[in-house]
Structures are given as structure tokens and as C-alpha cells.
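Data from final-v5.cif: mmCIF, C-alpha atoms and all ligand atoms
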```cif
data_upload
loop_
_atom_site.label_atom_id
_atom_site.label_comp_id
_atom_site.auth_asym_id
_atom_site.auth_seq_id
_atom_site.Cartn_x
_atom_site.Cartn_y
_atom_site.Cartn_z
CA MET A 249 145.11 -114.50 272.80
CA ASN A 250 142.53 -115.34 275.41
CA ARG A 251 141.83 -118.73 276.97
CA GLU A 252 138.93 -119.63 274.72
CA ALA A 253 140.78 -118.80 271.51
CA ALA A 254 143.74 -120.93 272.63
CA TRP A 255 141.45 -123.90 273.31
CA VAL A 256 139.78 -123.61 269.91
CA LYS A 257 143.15 -123.42 268.18
CA GLU A 258 144.46 -126.48 270.03
CA TYR A 259 141.29 -128.37 269.20
CA TRP A 260 141.65 -127.74 265.47
CA LEU A 261 145.38 -128.52 265.57
CA GLY A 262 144.39 -131.83 267.17
CA VAL A 263 141.79 -132.55 264.51
CA LEU A 264 144.33 -131.73 261.83
CA ALA A 265 146.96 -134.03 263.40
CA ILE A 266 144.50 -136.96 263.67
CA THR A 267 143.39 -136.43 260.07
CA LEU A 268 147.00 -136.40 258.88
CA MET A 269 147.86 -139.54 260.89
CA MET A 270 144.84 -141.36 259.51
CA ALA A 271 145.74 -140.30 256.01
CA MET A 272 149.31 -141.52 256.54
CA GLY A 273 148.16 -144.78 258.11
CA CYS A 274 149.93 -144.07 261.36
CA LYS A 275 149.84 -147.03 263.79
CA SER A 276 149.41 -144.93 266.86
CA GLY A 277 146.33 -143.30 265.37
CA GLY A 278 144.15 -144.64 268.20
CA SER A 279 145.83 -142.65 270.95
CA THR A 280 145.37 -138.95 271.47
CA PRO A 281 148.03 -137.13 269.50
CA GLU A 282 150.11 -134.66 271.40
CA THR A 283 149.74 -131.18 270.10
CA THR A 284 152.13 -128.50 271.11
CA ALA A 285 150.69 -125.03 271.24
CA PRO A 286 153.17 -122.46 269.93
CA ALA A 287 155.27 -121.11 272.77
CA GLN A 288 153.78 -117.80 273.80
CA PRO A 289 156.06 -115.09 275.10
CA PRO A 290 155.03 -114.16 278.65
CA PHE A 291 154.38 -110.53 277.69
CA MET A 292 151.50 -111.55 275.41
CA SER A 293 149.33 -112.33 278.40
CA ALA A 294 149.70 -108.68 279.36
CA VAL A 295 148.60 -107.54 275.90
CA ALA A 296 145.72 -109.93 275.33
CA GLY A 297 142.24 -108.95 276.33
CA HIS A 298 143.26 -106.11 278.59
CA ALA A 299 140.98 -103.13 279.06
CA PRO A 300 141.58 -100.17 281.37
CA ALA A 301 139.26 -99.67 284.36
CA THR A 302 136.36 -97.26 283.88
CA GLU A 303 137.89 -94.61 286.15
CA ASP A 304 141.04 -94.65 283.99
CA GLU A 305 139.23 -94.05 280.70
CA ALA A 306 140.43 -91.08 278.69
CA PRO A 307 138.20 -88.03 278.53
CA PRO A 308 136.95 -87.05 275.05
CA ALA A 309 139.85 -85.53 273.11
CA ASP A 310 138.17 -82.10 272.93
CA LYS A 311 138.44 -81.87 276.73
CA THR A 312 142.22 -82.27 276.55
CA GLY A 313 143.12 -79.87 273.76
CA GLY A 314 142.58 -82.46 271.03
CA PHE A 315 144.99 -84.92 272.65
CA ASP A 316 143.36 -88.33 272.38
CA GLY A 317 144.20 -90.42 275.46
CA LYS A 318 142.57 -93.48 273.95
CA ARG A 319 144.82 -93.31 270.91
CA ALA A 320 147.84 -92.80 273.16
CA TYR A 321 146.86 -95.88 275.18
CA GLU A 322 146.59 -97.90 271.98
CA GLN A 323 150.14 -96.81 271.15
CA VAL A 324 151.28 -98.19 274.51
CA VAL A 325 149.57 -101.52 273.71
CA ARG A 326 151.24 -101.55 270.30
CA GLN A 327 154.72 -100.98 271.74
CA VAL A 328 154.29 -103.62 274.44
CA SER A 329 153.28 -106.12 271.75
CA PHE A 330 156.85 -105.95 270.39
CA GLY A 331 158.01 -107.51 273.67
CA PRO A 332 161.14 -106.46 275.60
CA ARG A 333 162.90 -103.71 273.62
CA PRO A 334 166.42 -103.14 274.96
CA ALA A 335 168.99 -101.17 272.93
CA GLY A 336 170.45 -103.24 270.12
CA SER A 337 167.59 -105.77 270.05
CA ALA A 338 165.63 -106.82 266.95
CA ALA A 339 162.40 -105.84 268.74
CA LEU A 340 163.66 -102.28 269.21
CA ALA A 341 164.65 -102.06 265.54
CA GLN A 342 161.12 -103.18 264.67
CA LEU A 343 159.65 -100.56 266.98
CA ALA A 344 161.89 -97.88 265.44
CA SER A 345 160.60 -98.68 261.99
CA TYR A 346 157.02 -98.70 263.31
CA LEU A 347 157.58 -95.24 264.85
CA GLU A 348 159.00 -93.88 261.58
CA THR A 349 156.10 -95.26 259.54
CA GLU A 350 153.54 -93.98 262.04
CA LEU A 351 155.09 -90.49 262.21
CA LYS A 352 155.28 -90.22 258.44
CA SER A 353 151.62 -91.24 258.21
CA TYR A 354 150.82 -88.11 260.27
CA GLY A 355 152.62 -85.98 257.68
CA CYS A 356 155.63 -85.40 259.95
CA VAL A 357 159.10 -84.68 258.60
CA VAL A 358 161.21 -87.43 260.17
CA GLU A 359 164.99 -87.61 260.43
CA THR A 360 166.90 -90.56 261.81
CA ASP A 361 170.43 -90.90 263.11
CA SER A 362 171.84 -94.43 263.19
CA PHE A 363 174.97 -94.72 265.27
CA SER A 364 176.72 -97.23 267.45
CA ALA A 365 177.62 -96.89 271.09
CA ASP A 366 180.21 -98.62 273.25
CA THR A 367 178.39 -100.22 276.15
CA PRO A 368 179.28 -102.79 278.83
CA ALA A 369 177.66 -105.33 276.45
CA GLY A 370 179.93 -104.28 273.58
CA ARG A 371 179.25 -102.02 270.64
CA LEU A 372 175.51 -101.72 270.04
CA PRO A 373 173.66 -100.24 267.06
CA MET A 374 171.29 -97.44 268.07
CA LYS A 375 168.97 -95.04 266.33
CA ASN A 376 167.53 -91.67 267.29
CA ILE A 377 164.39 -90.45 265.58
CA LEU A 378 163.64 -86.73 265.26
CA VAL A 379 160.46 -85.05 264.08
CA LYS A 380 160.86 -81.47 262.85
CA ILE A 381 157.84 -79.17 262.72
CA PRO A 382 158.99 -75.88 261.21
CA GLY A 383 158.43 -72.45 262.76
CA GLN A 384 158.53 -68.91 261.41
CA LYS A 385 161.49 -67.65 263.44
CA PRO A 386 164.76 -69.12 264.66
CA GLY A 387 164.12 -70.95 267.92
CA ILE A 388 163.27 -74.54 268.73
CA ILE A 389 161.02 -76.04 271.37
CA LEU A 390 162.33 -79.56 271.88
CA LEU A 391 160.18 -82.38 273.26
CA GLY A 392 161.56 -85.83 273.98
CA THR A 393 161.12 -89.40 275.20
CA HIS A 394 163.18 -92.56 275.22
CA TYR A 395 161.76 -95.55 273.36
CA ASP A 396 164.12 -98.32 274.52
CA THR A 397 163.32 -100.46 277.54
CA LYS A 398 165.55 -101.64 280.38
CA LYS A 399 167.26 -104.95 279.65
CA LEU A 400 165.57 -107.22 282.18
CA ASP A 401 163.89 -110.60 281.75
CA ASN A 402 160.23 -110.30 280.69
CA PHE A 403 160.34 -106.52 281.03
CA VAL A 404 158.04 -104.81 278.52
CA GLY A 405 158.12 -101.28 279.97
CA ALA A 406 154.49 -100.28 279.46
CA ASP A 407 155.13 -97.28 281.67
CA ASP A 408 158.94 -96.97 281.44
CA GLY A 409 159.48 -96.42 277.76
CA ALA A 410 156.10 -96.95 276.11
CA SER A 411 153.94 -94.37 277.97
CA SER A 412 155.98 -91.25 277.18
CA THR A 413 156.67 -92.52 273.66
CA ALA A 414 152.91 -92.87 273.15
CA VAL A 415 152.39 -89.31 274.43
CA MET A 416 155.01 -88.00 271.99
CA LEU A 417 153.42 -89.93 269.10
CA GLU A 418 150.05 -88.39 269.87
CA LEU A 419 151.59 -84.90 270.19
CA ALA A 420 153.32 -85.42 266.84
CA ARG A 421 150.00 -86.43 265.28
CA LEU A 422 148.44 -83.16 266.46
CA LEU A 423 151.37 -80.82 265.80
CA CYS A 424 152.34 -82.20 262.39
CA ALA A 425 148.76 -81.66 261.20
CA GLN A 426 148.87 -77.89 261.86
CA LYS A 427 148.55 -75.97 258.62
CA GLN A 428 150.05 -72.65 259.76
CA PRO A 429 153.53 -72.66 261.27
CA GLU A 430 153.80 -71.30 264.83
CA LYS A 431 156.47 -68.80 265.86
CA TYR A 432 159.07 -71.41 266.83
CA ALA A 433 159.81 -74.83 265.45
CA VAL A 434 158.79 -77.83 267.57
CA TRP A 435 161.10 -80.83 267.37
CA ILE A 436 160.16 -84.15 268.92
CA ALA A 437 162.98 -86.54 269.78
CA PHE A 438 162.67 -90.30 270.27
CA PHE A 439 165.90 -91.35 271.98
CA ASP A 440 167.42 -94.80 271.86
CA GLY A 441 169.60 -96.13 274.70
CA GLU A 442 168.39 -94.13 277.68
CA GLU A 443 168.55 -97.12 279.97
CA ALA A 444 171.78 -98.32 281.53
CA VAL A 445 172.93 -101.63 280.01
CA ASN A 446 174.20 -102.72 283.42
CA LYS A 447 171.67 -103.06 286.22
CA GLU A 448 172.89 -99.90 287.96
CA TRP A 449 172.63 -96.42 286.45
CA LYS A 450 176.24 -95.22 286.41
CA ASP A 451 177.68 -92.72 283.92
CA PRO A 452 178.55 -93.14 281.13
CA ASP A 453 176.40 -96.29 280.91
CA ASN A 454 173.10 -94.49 280.20
CA ARG A 455 171.58 -91.74 277.98
CA TYR A 456 173.43 -92.97 274.86
CA GLY A 457 170.83 -91.55 272.49
CA SER A 458 170.31 -88.16 274.10
CA ARG A 459 174.06 -87.58 274.50
CA GLN A 460 174.47 -88.38 270.81
CA MET A 461 171.68 -85.99 269.76
CA ALA A 462 172.89 -83.16 272.01
CA ALA A 463 176.43 -83.55 270.63
CA ARG A 464 175.21 -83.53 267.04
CA MET A 465 173.06 -80.45 267.66
CA ALA A 466 176.04 -78.70 269.22
CA THR A 467 178.05 -79.39 266.05
CA SER A 468 175.26 -78.35 263.67
CA GLY A 469 174.57 -75.15 265.62
CA ASP A 470 170.95 -76.11 266.38
CA LEU A 471 171.62 -76.50 270.09
CA LYS A 472 171.92 -72.77 270.76
CA ASN A 473 168.49 -72.25 269.18
CA ILE A 474 166.72 -74.53 271.64
CA LYS A 475 164.53 -72.33 273.84
CA ALA A 476 163.45 -75.20 276.07
CA PHE A 477 163.56 -78.98 276.25
CA ALA A 478 160.63 -80.82 277.81
CA LEU A 479 161.30 -84.49 278.44
CA ALA A 480 158.58 -86.96 279.40
CA ASP A 481 159.37 -90.37 280.90
CA ILE A 482 157.15 -92.82 282.83
CA VAL A 483 153.94 -90.78 282.61
CA GLY A 484 151.19 -93.37 282.11
CA GLY A 485 150.73 -94.78 285.61
CA ARG A 486 147.29 -95.10 287.17
CA LYS A 487 148.88 -93.60 290.27
CA LEU A 488 150.70 -90.62 288.88
CA VAL A 489 152.62 -88.24 291.14
CA ILE A 490 154.85 -85.89 289.19
CA ALA A 491 157.25 -84.13 291.54
CA ARG A 492 159.40 -81.11 290.67
CA ASP A 493 162.73 -82.43 289.52
CA THR A 494 165.47 -80.41 291.20
CA GLU A 495 167.96 -81.03 288.37
CA SER A 496 165.60 -79.28 285.91
CA THR A 497 165.65 -75.56 285.05
CA LYS A 498 163.52 -73.70 287.58
CA TRP A 499 161.71 -71.24 285.29
CA LEU A 500 160.73 -74.09 282.97
CA VAL A 501 159.50 -76.27 285.83
CA ASP A 502 157.46 -73.27 287.05
CA LEU A 503 155.97 -72.77 283.59
CA VAL A 504 154.89 -76.41 283.25
CA TRP A 505 153.59 -76.66 286.83
CA LYS A 506 151.67 -73.37 286.52
CA THR A 507 150.11 -74.64 283.28
CA ALA A 508 149.14 -77.91 284.96
CA ALA A 509 147.61 -76.06 287.93
CA GLN A 510 145.59 -73.81 285.60
CA LEU A 511 144.22 -76.90 283.86
CA GLY A 512 143.23 -78.35 287.25
CA TYR A 513 145.92 -81.00 287.65
CA LYS A 514 147.57 -79.86 290.89
CA GLU A 515 146.94 -83.31 292.38
CA ILE A 516 149.21 -84.88 289.77
CA PHE A 517 151.79 -82.11 289.29
CA VAL A 518 152.60 -81.80 292.98
CA ASP A 519 154.86 -79.29 294.69
CA GLN A 520 157.16 -81.78 296.38
CA GLU A 521 160.71 -81.95 295.02
CA SER A 522 162.82 -84.89 293.90
CA PRO A 523 166.13 -85.08 291.95
CA VAL A 524 166.08 -87.23 288.80
CA SER A 525 168.83 -88.38 286.42
CA ASP A 526 167.38 -88.77 282.94
CA ASP A 527 167.85 -87.75 279.29
CA HIS A 528 167.45 -84.06 280.17
CA LEU A 529 170.92 -84.14 281.78
CA SER A 530 172.46 -84.51 278.31
CA PHE A 531 171.00 -81.14 277.32
CA LEU A 532 171.37 -79.43 280.72
CA ALA A 533 175.09 -80.23 280.53
CA ARG A 534 175.20 -78.10 277.37
CA GLY A 535 173.24 -75.20 278.84
CA VAL A 536 169.79 -75.95 277.39
CA PRO A 537 166.91 -75.08 279.76
CA SER A 538 165.30 -78.46 280.42
CA VAL A 539 162.51 -80.07 282.43
CA ASP A 540 161.82 -83.72 283.16
CA ILE A 541 158.17 -84.71 283.53
CA ILE A 542 158.36 -88.07 285.30
CA ASN A 543 156.39 -90.08 287.83
CA ASP A 544 158.11 -89.86 291.22
CA LEU A 545 160.40 -92.89 291.45
CA ASN A 546 159.91 -92.93 295.23
CA GLY A 547 156.10 -92.87 295.05
CA PRO A 548 153.58 -95.58 294.08
CA LEU A 549 155.66 -96.24 290.95
CA SER A 550 158.44 -97.76 293.08
CA VAL A 551 156.32 -100.91 293.50
CA TYR A 552 156.70 -101.90 289.83
CA TRP A 553 159.46 -99.68 288.39
CA HIS A 554 162.08 -101.78 286.53
CA THR A 555 160.21 -105.01 287.28
CA PRO A 556 158.20 -107.32 284.97
CA GLU A 557 155.13 -105.86 286.70
CA ASP A 558 155.51 -102.73 284.55
CA ASN A 559 152.78 -103.91 282.18
CA LEU A 560 149.52 -102.70 280.68
CA ASP A 561 147.46 -103.02 283.82
CA LYS A 562 149.49 -100.14 285.30
CA ILE A 563 148.53 -97.73 282.52
CA SER A 564 145.80 -95.10 282.62
CA PRO A 565 144.60 -93.60 279.31
CA LYS A 566 143.25 -90.69 281.36
CA ASN A 567 146.66 -89.84 282.81
CA LEU A 568 148.30 -90.15 279.39
CA ALA A 569 145.77 -87.57 278.20
CA ILE A 570 146.44 -85.27 281.16
CA VAL A 571 150.20 -85.28 280.59
CA GLY A 572 149.72 -84.82 276.85
CA TYR A 573 147.39 -81.86 277.46
CA VAL A 574 149.82 -80.24 279.91
CA VAL A 575 152.73 -80.59 277.45
CA LEU A 576 150.57 -79.25 274.61
CA GLU A 577 149.54 -76.19 276.63
CA SER A 578 153.10 -75.68 277.88
CA VAL A 579 154.30 -75.59 274.27
CA LYS A 580 151.71 -72.87 273.62
CA GLN A 581 153.12 -70.90 276.57
CA LEU A 582 156.65 -71.34 275.23
CA GLN A 583 155.51 -70.11 271.80
CA GLN A 584 154.65 -66.76 273.47
CA LYS A 585 158.19 -66.26 274.76
ZN ZN B 601 163.81 -96.95 283.14
#
```
Please go through the file and, once you have read it, give me the structure as C-alpha cells.
Amino acid sequence: MNREAAWVKEYWLGVLAITLMMAMGCKSGGSTPETTAPAQPPFMSAVAGHAPATEDEAPPADKTGGFDGKRAYEQVVRQVSFGPRPAGSAALAQLASYLETELKSYGCVVETDSFSADTPAGRLPMKNILVKIPGQKPGIILLGTHYDTKKLDNFVGADDGASSTAVMLELARLLCAQKQPEKYAVWIAFFDGEEAVNKEWKDPDNRYGSRQMAARMATSGDLKNIKAFALADIVGGRKLVIARDTESTKWLVDLVWKTAAQLGYKEIFVDQESPVSDDHLSFLARGVPSVDIINDLNGPLSVYWHTPEDNLDKISPKNLAIVGYVVLESVKQLQQK
């Protein structure tokens, strides 16, 4: 809600209050009645009236393989509007049901796994969401994101949580619409509980959702069919520097970085190296080739990472589109293998 709209609303509330007082014969009718505007959560100021700068506008979708950066940005706005979304919160449950509805509206086959996890804050309900796009042969290309946000006051995680989730939503929209199945299945995972409940990231207080999904896939036998797992996390920043994660599987990092270079994004997918602990570790631990596509935590991101400053004004629709395009083209490369 912008300033003008708030003023108009308060004015009419005032008029209504005076009218009611007069109708009730209130003795204090001569003085200005106090009107209390509804308390507005602080994150709403980040949602209201925000528009990305011109240089951050998304290119037309046909320039990025059909991936629509504007749509992805709108999905970031939508997620932020739910407010802080830590594991176990009502806001996260609302977002989960939004994601399910949205994915089904694209024609995706959606499976959910509700479970509970023991955390430093007690036992918390969590839910993983998995989209399954069938292929012709055994073999799965797994994509993933976490959709929870770090439990911090006024933290809405526009970049950390919402950006990669928006990219995966947009990829699902494109991939679920394909009429002919590709060689391999593409599964898209939306993990709950990536963030540590405590302030510090210390095992096992993190990656609750991805550990759950990897364990379940090991039991079902699907895990051995995963050709590659590409995780995206914190990919919407206006200043995006994606370094090569040294925990990730080298051939898969090479494939993604080569694809990015061919598309002309060498400035973003840089050659410097940096080790990252993230949801990919849950699959690496079980032998699945995995890559984490993540803004360098030591770069420009460090200014706002895990602070209330991680809000919409940090997000670039253009960079969402670039990452989406690189993942889309990398999936095509993996389909050739
Ligand atoms: Zn985080």
C-alpha cells in the first residue's frame, strides 16, 4: 500500500467513525476521533509499489529460451508477500499450498511429502514438494531449490529462498507444458527446512528437507537413477557473481559453466572458486553428481545476506532470466548424455 492509498483509507475510516459517533449521540463527537490504521507488517513496505530499475528489466522471453524473467520476478514478489517463511510457520504452509496450486495450474504432476523434523526449536512439521516430468528412458535430471526462509526478525528472503524458488516455478511452467517427453525425466524439488533453525549453520541443524528427500529416494530406488542434480539458491541479486562451488561435482560444474559461457554469461558465471554448504550436500553424500548454482556469499551478496535488507530492491528480473536460461540449456545438455 502506498502513502496516498493509506491516507485515503484513514480519511474514510475517520469519516465513518464520526458518522457512527453522531448516529450514536456520542458526547465527544466534537473532537477528532482517533483512528487506528491496521498494523502493517514491515515487509509490506518492501512489496508495495516496487519496480525494478530499467537496467534490471528482463529481456523478452524468446531471448532466454522461453524463460520469462518478468514472470519469475512476479513469483518473487508473491512469495515475499507471505512475509517471513521459516520452517514450521503458518506463512510457509500457505506458500506451500500456493506452490502446489501454481504447479498444478501448469499441468505439472505434483507429489508432496509431509514429515516432521527434530530441530533445536522442537519437532517441526515440514513438507517437500516434487514435480515429476516423465522421460522415455530410465534416468532422472533433478533440479532443486529451498522455499523456506531463515528464521530472523523481519526477514523475507527475496533473494535467499524466493529467487531460486521463482526460477524453479518458471522452469516447471515451461517443462510441464512440453508435449513430447524428452529422453530422461526431469524432477523439480522444492525443499523445506534448508535453513538452520539456530543462527549458525551446524550439522545436523540444516538441510532437513533435502536430507529427507534423498533418504526417501534411496529407499525407493530412484536415487541411483539420478544422472545429475542442479541446485539453485540465491540467484536473483542485481549484483550476481556465481563462483564455482568446490564441493560440487567437477564435470557437472564444467557443463553448467561451459553452457553459461556459450550463452555469453561469463561475467556472471565466473571462474573463481568457493566452497558452499547447501542442499546439494544431501545428495553428494549419497553419490549423486551435484552442482550448486549460488551467488558468492563472500561477494556483493554479503552486504545483505541473512539480514532484513534481503528484500525486493535487491532482485533483478534480468538475472533471474539469465540463471533460468542457463539451467534450461544445461538440462538440454544433460538430455544428450
Ligand atoms: Zn539462507
Please report, as JSON lines, each residue of stretch 430-511 of chain A lying at most 12 Å from stretch 311-323 of chain A, together with the nearest pair of atoms and the separation in Å rounded to one decimal; use only C-alpha atoms, and order rows by chain and ascending residue number.
```
{"residue": "A:Val483", "atom": "CA", "partner": "A:Ala320", "partner_atom": "CA", "distance": 11.4}
{"residue": "A:Gly484", "atom": "CA", "partner": "A:Tyr321", "partner_atom": "CA", "distance": 8.5}
{"residue": "A:Gly485", "atom": "CA", "partner": "A:Tyr321", "partner_atom": "CA", "distance": 11.2}
{"residue": "A:Ala508", "atom": "CA", "partner": "A:Thr312", "partner_atom": "CA", "distance": 11.7}
{"residue": "A:Leu511", "atom": "CA", "partner": "A:Thr312", "partner_atom": "CA", "distance": 9.3}
```
Those residues with C-alpha atoms, as an mmCIF file, in the coordinates of the input please?
```cif
data_model
loop_
_atom_site.group_PDB
_atom_site.id
_atom_site.type_symbol
_atom_site.label_atom_id
_atom_site.label_comp_id
_atom_site.auth_asym_id
_atom_site.auth_seq_id
_atom_site.Cartn_x
_atom_site.Cartn_y
_atom_site.Cartn_z
ATOM 1 C CA VAL A 483 153.940 -90.780 282.610
ATOM 2 C CA GLY A 484 151.190 -93.370 282.110
ATOM 3 C CA GLY A 485 150.730 -94.780 285.610
ATOM 4 C CA ALA A 508 149.140 -77.910 284.960
ATOM 5 C CA LEU A 511 144.220 -76.900 283.860
#
```
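Rounded to one decimal, atom CA of A:Ser525 and atom CA of A:Pro548 lie 18.5 Å from each other.
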Neighbour list for A:Gln584 as a list in words, cut-off 10 Å, all atoms listed in the file, skip fewer than 5 positions in-chain: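 Near neighbours after the sequence-gap exclusion: Glu430, Lys431, Tyr432 and Val579 of chain A.
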I'd like the neighbourhood of A:Trp499 as an MDAnalysis selection string, where a residue qualifies if any of its atoms comes within 10 Å (using all atoms listed in the file), though same-chain residues fewer than 6 positions away should be ignored. chainID A and resid 505 537:539
Write out as JSON lines the residues of chain A that have any atom within 10 Å of an atom of ligand ZN 601 (chain B), one row each with the nearest atom pair and its distance in Å to one decimal, counting only C-alpha atoms and all ligand atoms, sorted by chain and then rising number.
```
{"residue": "A:His394", "atom": "CA", "partner": "B:ZN601", "partner_atom": "ZN", "distance": 9.1}
{"residue": "A:Asp396", "atom": "CA", "partner": "B:ZN601", "partner_atom": "ZN", "distance": 8.7}
{"residue": "A:Thr397", "atom": "CA", "partner": "B:ZN601", "partner_atom": "ZN", "distance": 6.6}
{"residue": "A:Lys398", "atom": "CA", "partner": "B:ZN601", "partner_atom": "ZN", "distance": 5.7}
{"residue": "A:Lys399", "atom": "CA", "partner": "B:ZN601", "partner_atom": "ZN", "distance": 9.4}
{"residue": "A:Gly405", "atom": "CA", "partner": "B:ZN601", "partner_atom": "ZN", "distance": 7.8}
{"residue": "A:Asp407", "atom": "CA", "partner": "B:ZN601", "partner_atom": "ZN", "distance": 8.8}
{"residue": "A:Asp408", "atom": "CA", "partner": "B:ZN601", "partner_atom": "ZN", "distance": 5.2}
{"residue": "A:Gly409", "atom": "CA", "partner": "B:ZN601", "partner_atom": "ZN", "distance": 6.9}
{"residue": "A:Glu442", "atom": "CA", "partner": "B:ZN601", "partner_atom": "ZN", "distance": 7.7}
{"residue": "A:Glu443", "atom": "CA", "partner": "B:ZN601", "partner_atom": "ZN", "distance": 5.7}
{"residue": "A:Ala444", "atom": "CA", "partner": "B:ZN601", "partner_atom": "ZN", "distance": 8.2}
{"residue": "A:Trp449", "atom": "CA", "partner": "B:ZN601", "partner_atom": "ZN", "distance": 9.4}
{"residue": "A:Asp481", "atom": "CA", "partner": "B:ZN601", "partner_atom": "ZN", "distance": 8.2}
{"residue": "A:Ile482", "atom": "CA", "partner": "B:ZN601", "partner_atom": "ZN", "distance": 7.8}
{"residue": "A:Asp526", "atom": "CA", "partner": "B:ZN601", "partner_atom": "ZN", "distance": 8.9}
{"residue": "A:Leu545", "atom": "CA", "partner": "B:ZN601", "partner_atom": "ZN", "distance": 9.9}
{"residue": "A:Trp553", "atom": "CA", "partner": "B:ZN601", "partner_atom": "ZN", "distance": 7.3}
{"residue": "A:His554", "atom": "CA", "partner": "B:ZN601", "partner_atom": "ZN", "distance": 6.1}
{"residue": "A:Thr555", "atom": "CA", "partner": "B:ZN601", "partner_atom": "ZN", "distance": 9.8}
```
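With all atoms listed in the file as the atoms that count, the residue of A:Ala433, A:Gln426, A:Val358, A:Asp401 with the shortest distance to A:Pro382 is A:Ala433.
The closest residue to A:Ser412, picked from A:Thr393, A:Ser345, A:Asn473, A:Ser458 and counting all atoms listed in the file, is A:Thr393.
Separating atom CA of A:Arg371 from atom CA of A:Asp453 is a distance of 12.1 Å.
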Which residue of A:Met461, A:Ala406, A:Val571, A:Leu532 approaches A:Gly512 most closely, using only C-alpha atoms: A:Val571
All residues 12 Å or closer to A:Lys352, only C-alpha atoms, same chain fewer than 5 positions away omitted, as a list in words: Ser345, Tyr346, Leu347, Val357, Val358, Glu359, Ile377, Leu378, Val379, Lys380, Leu417, Ala420, Arg421, Cys424 and Ala425 of chain A
Could you pull the residues within 10 Å of A:Gly336, counting only C-alpha atoms, minus those fewer than 2 positions along the same chain, as a ChimeraX atom specification? /A:333-334,338-341,364-365,369,371-375,396,440-441
State, in Å with one decimal place, the distance from atom CA of A:Ile474 to atom CA of A:Trp435. 9.5 Å
List the neighbours of A:Arg459 out to 8 Å using all atoms listed in the file; skip same-chain residues closer than 3 positions along the sequence, and give me the result as a VMD selection string. chain A and resid 455 to 456 462 to 463 527 530 to 531
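Nearest-residue note for A:Ser578: choosing from A:Leu549, A:Ala533, A:Leu390, A:Ala491, the minimum distance belongs to A:Leu390, counting only C-alpha atoms.
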Taking all atoms listed in the file into account, which of A:Pro565, A:Pro300, A:Pro332, A:Gly547 comes nearest A:Asn402?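 Among A:Pro565, A:Pro300, A:Pro332, A:Gly547, it is A:Pro332 that comes nearest to A:Asn402.
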Which residues, protein or nucleic acid, reach to within 9 Å of (138.7, -93.8, 279.8) in the file's coordinates when using only C-alpha atoms, and can you give that as an MDAnalysis selection string? chainID A and resid 300:308 317:318 564:566
As a PDB file, keeping the file's coordinate frame, could you write out stretch 528-534 of chain A once it has been completed with all heavy atoms?
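Dumped to rebuild-v3.pdb:
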```pdb
ATOM      1  N   HIS A 528     167.300 -85.524 280.154  1.00  0.00           N
ATOM      2  CA  HIS A 528     167.450 -84.060 280.170  1.00  0.00           C
ATOM      3  C   HIS A 528     168.861 -83.631 280.587  1.00  0.00           C
ATOM      4  O   HIS A 528     169.309 -82.553 280.213  1.00  0.00           O
ATOM      5  CB  HIS A 528     166.378 -83.411 281.055  1.00  0.00           C
ATOM      6  CG  HIS A 528     166.422 -83.812 282.505  1.00  0.00           C
ATOM      7  ND1 HIS A 528     166.711 -85.089 282.933  1.00  0.00           N
ATOM      8  CD2 HIS A 528     166.215 -83.081 283.635  1.00  0.00           C
ATOM      9  CE1 HIS A 528     166.662 -85.119 284.251  1.00  0.00           C
ATOM     10  NE2 HIS A 528     166.373 -83.931 284.693  1.00  0.00           N
ATOM     11  N   LEU A 529     169.556 -84.493 281.336  1.00  0.00           N
ATOM     12  CA  LEU A 529     170.920 -84.140 281.780  1.00  0.00           C
ATOM     13  C   LEU A 529     171.856 -83.921 280.588  1.00  0.00           C
ATOM     14  O   LEU A 529     172.772 -83.093 280.662  1.00  0.00           O
ATOM     15  CB  LEU A 529     171.501 -85.228 282.704  1.00  0.00           C
ATOM     16  CG  LEU A 529     170.755 -85.515 284.015  1.00  0.00           C
ATOM     17  CD1 LEU A 529     171.551 -86.508 284.859  1.00  0.00           C
ATOM     18  CD2 LEU A 529     170.492 -84.228 284.810  1.00  0.00           C
ATOM     19  N   SER A 530     171.611 -84.640 279.495  1.00  0.00           N
ATOM     20  CA  SER A 530     172.460 -84.510 278.310  1.00  0.00           C
ATOM     21  C   SER A 530     172.364 -83.108 277.709  1.00  0.00           C
ATOM     22  O   SER A 530     173.319 -82.608 277.117  1.00  0.00           O
ATOM     23  CB  SER A 530     172.056 -85.542 277.251  1.00  0.00           C
ATOM     24  OG  SER A 530     172.059 -86.834 277.795  1.00  0.00           O
ATOM     25  N   PHE A 531     171.209 -82.493 277.858  1.00  0.00           N
ATOM     26  CA  PHE A 531     171.000 -81.140 277.320  1.00  0.00           C
ATOM     27  C   PHE A 531     171.321 -80.079 278.374  1.00  0.00           C
ATOM     28  O   PHE A 531     171.869 -79.026 278.044  1.00  0.00           O
ATOM     29  CB  PHE A 531     169.562 -81.004 276.783  1.00  0.00           C
ATOM     30  CG  PHE A 531     169.377 -81.761 275.490  1.00  0.00           C
ATOM     31  CD1 PHE A 531     169.086 -83.126 275.495  1.00  0.00           C
ATOM     32  CD2 PHE A 531     169.546 -81.133 274.262  1.00  0.00           C
ATOM     33  CE1 PHE A 531     168.952 -83.832 274.309  1.00  0.00           C
ATOM     34  CE2 PHE A 531     169.416 -81.838 273.065  1.00  0.00           C
ATOM     35  CZ  PHE A 531     169.122 -83.202 273.087  1.00  0.00           C
ATOM     36  N   LEU A 532     171.012 -80.359 279.634  1.00  0.00           N
ATOM     37  CA  LEU A 532     171.370 -79.430 280.720  1.00  0.00           C
ATOM     38  C   LEU A 532     172.878 -79.219 280.743  1.00  0.00           C
ATOM     39  O   LEU A 532     173.354 -78.103 280.953  1.00  0.00           O
ATOM     40  CB  LEU A 532     170.907 -79.997 282.074  1.00  0.00           C
ATOM     41  CG  LEU A 532     169.430 -79.811 282.426  1.00  0.00           C
ATOM     42  CD1 LEU A 532     169.077 -80.662 283.643  1.00  0.00           C
ATOM     43  CD2 LEU A 532     169.098 -78.331 282.692  1.00  0.00           C
ATOM     44  N   ALA A 533     173.623 -80.306 280.499  1.00  0.00           N
ATOM     45  CA  ALA A 533     175.090 -80.230 280.530  1.00  0.00           C
ATOM     46  C   ALA A 533     175.615 -79.263 279.464  1.00  0.00           C
ATOM     47  O   ALA A 533     176.737 -78.769 279.566  1.00  0.00           O
ATOM     48  CB  ALA A 533     175.683 -81.613 280.309  1.00  0.00           C
ATOM     49  N   ARG A 534     174.787 -79.013 278.447  1.00  0.00           N
ATOM     50  CA  ARG A 534     175.200 -78.100 277.370  1.00  0.00           C
ATOM     51  C   ARG A 534     174.454 -76.773 277.444  1.00  0.00           C
ATOM     52  O   ARG A 534     174.401 -76.015 276.470  1.00  0.00           O
ATOM     53  CB  ARG A 534     174.979 -78.766 276.001  1.00  0.00           C
ATOM     54  CG  ARG A 534     175.892 -79.962 275.772  1.00  0.00           C
ATOM     55  CD  ARG A 534     175.567 -80.654 274.474  1.00  0.00           C
ATOM     56  NE  ARG A 534     176.382 -81.846 274.274  1.00  0.00           N
ATOM     57  CZ  ARG A 534     177.596 -81.861 273.722  1.00  0.00           C
ATOM     58  NH1 ARG A 534     178.155 -80.739 273.320  1.00  0.00           N
ATOM     59  NH2 ARG A 534     178.260 -82.997 273.581  1.00  0.00           N
TER      60      ARG A 534
END
```
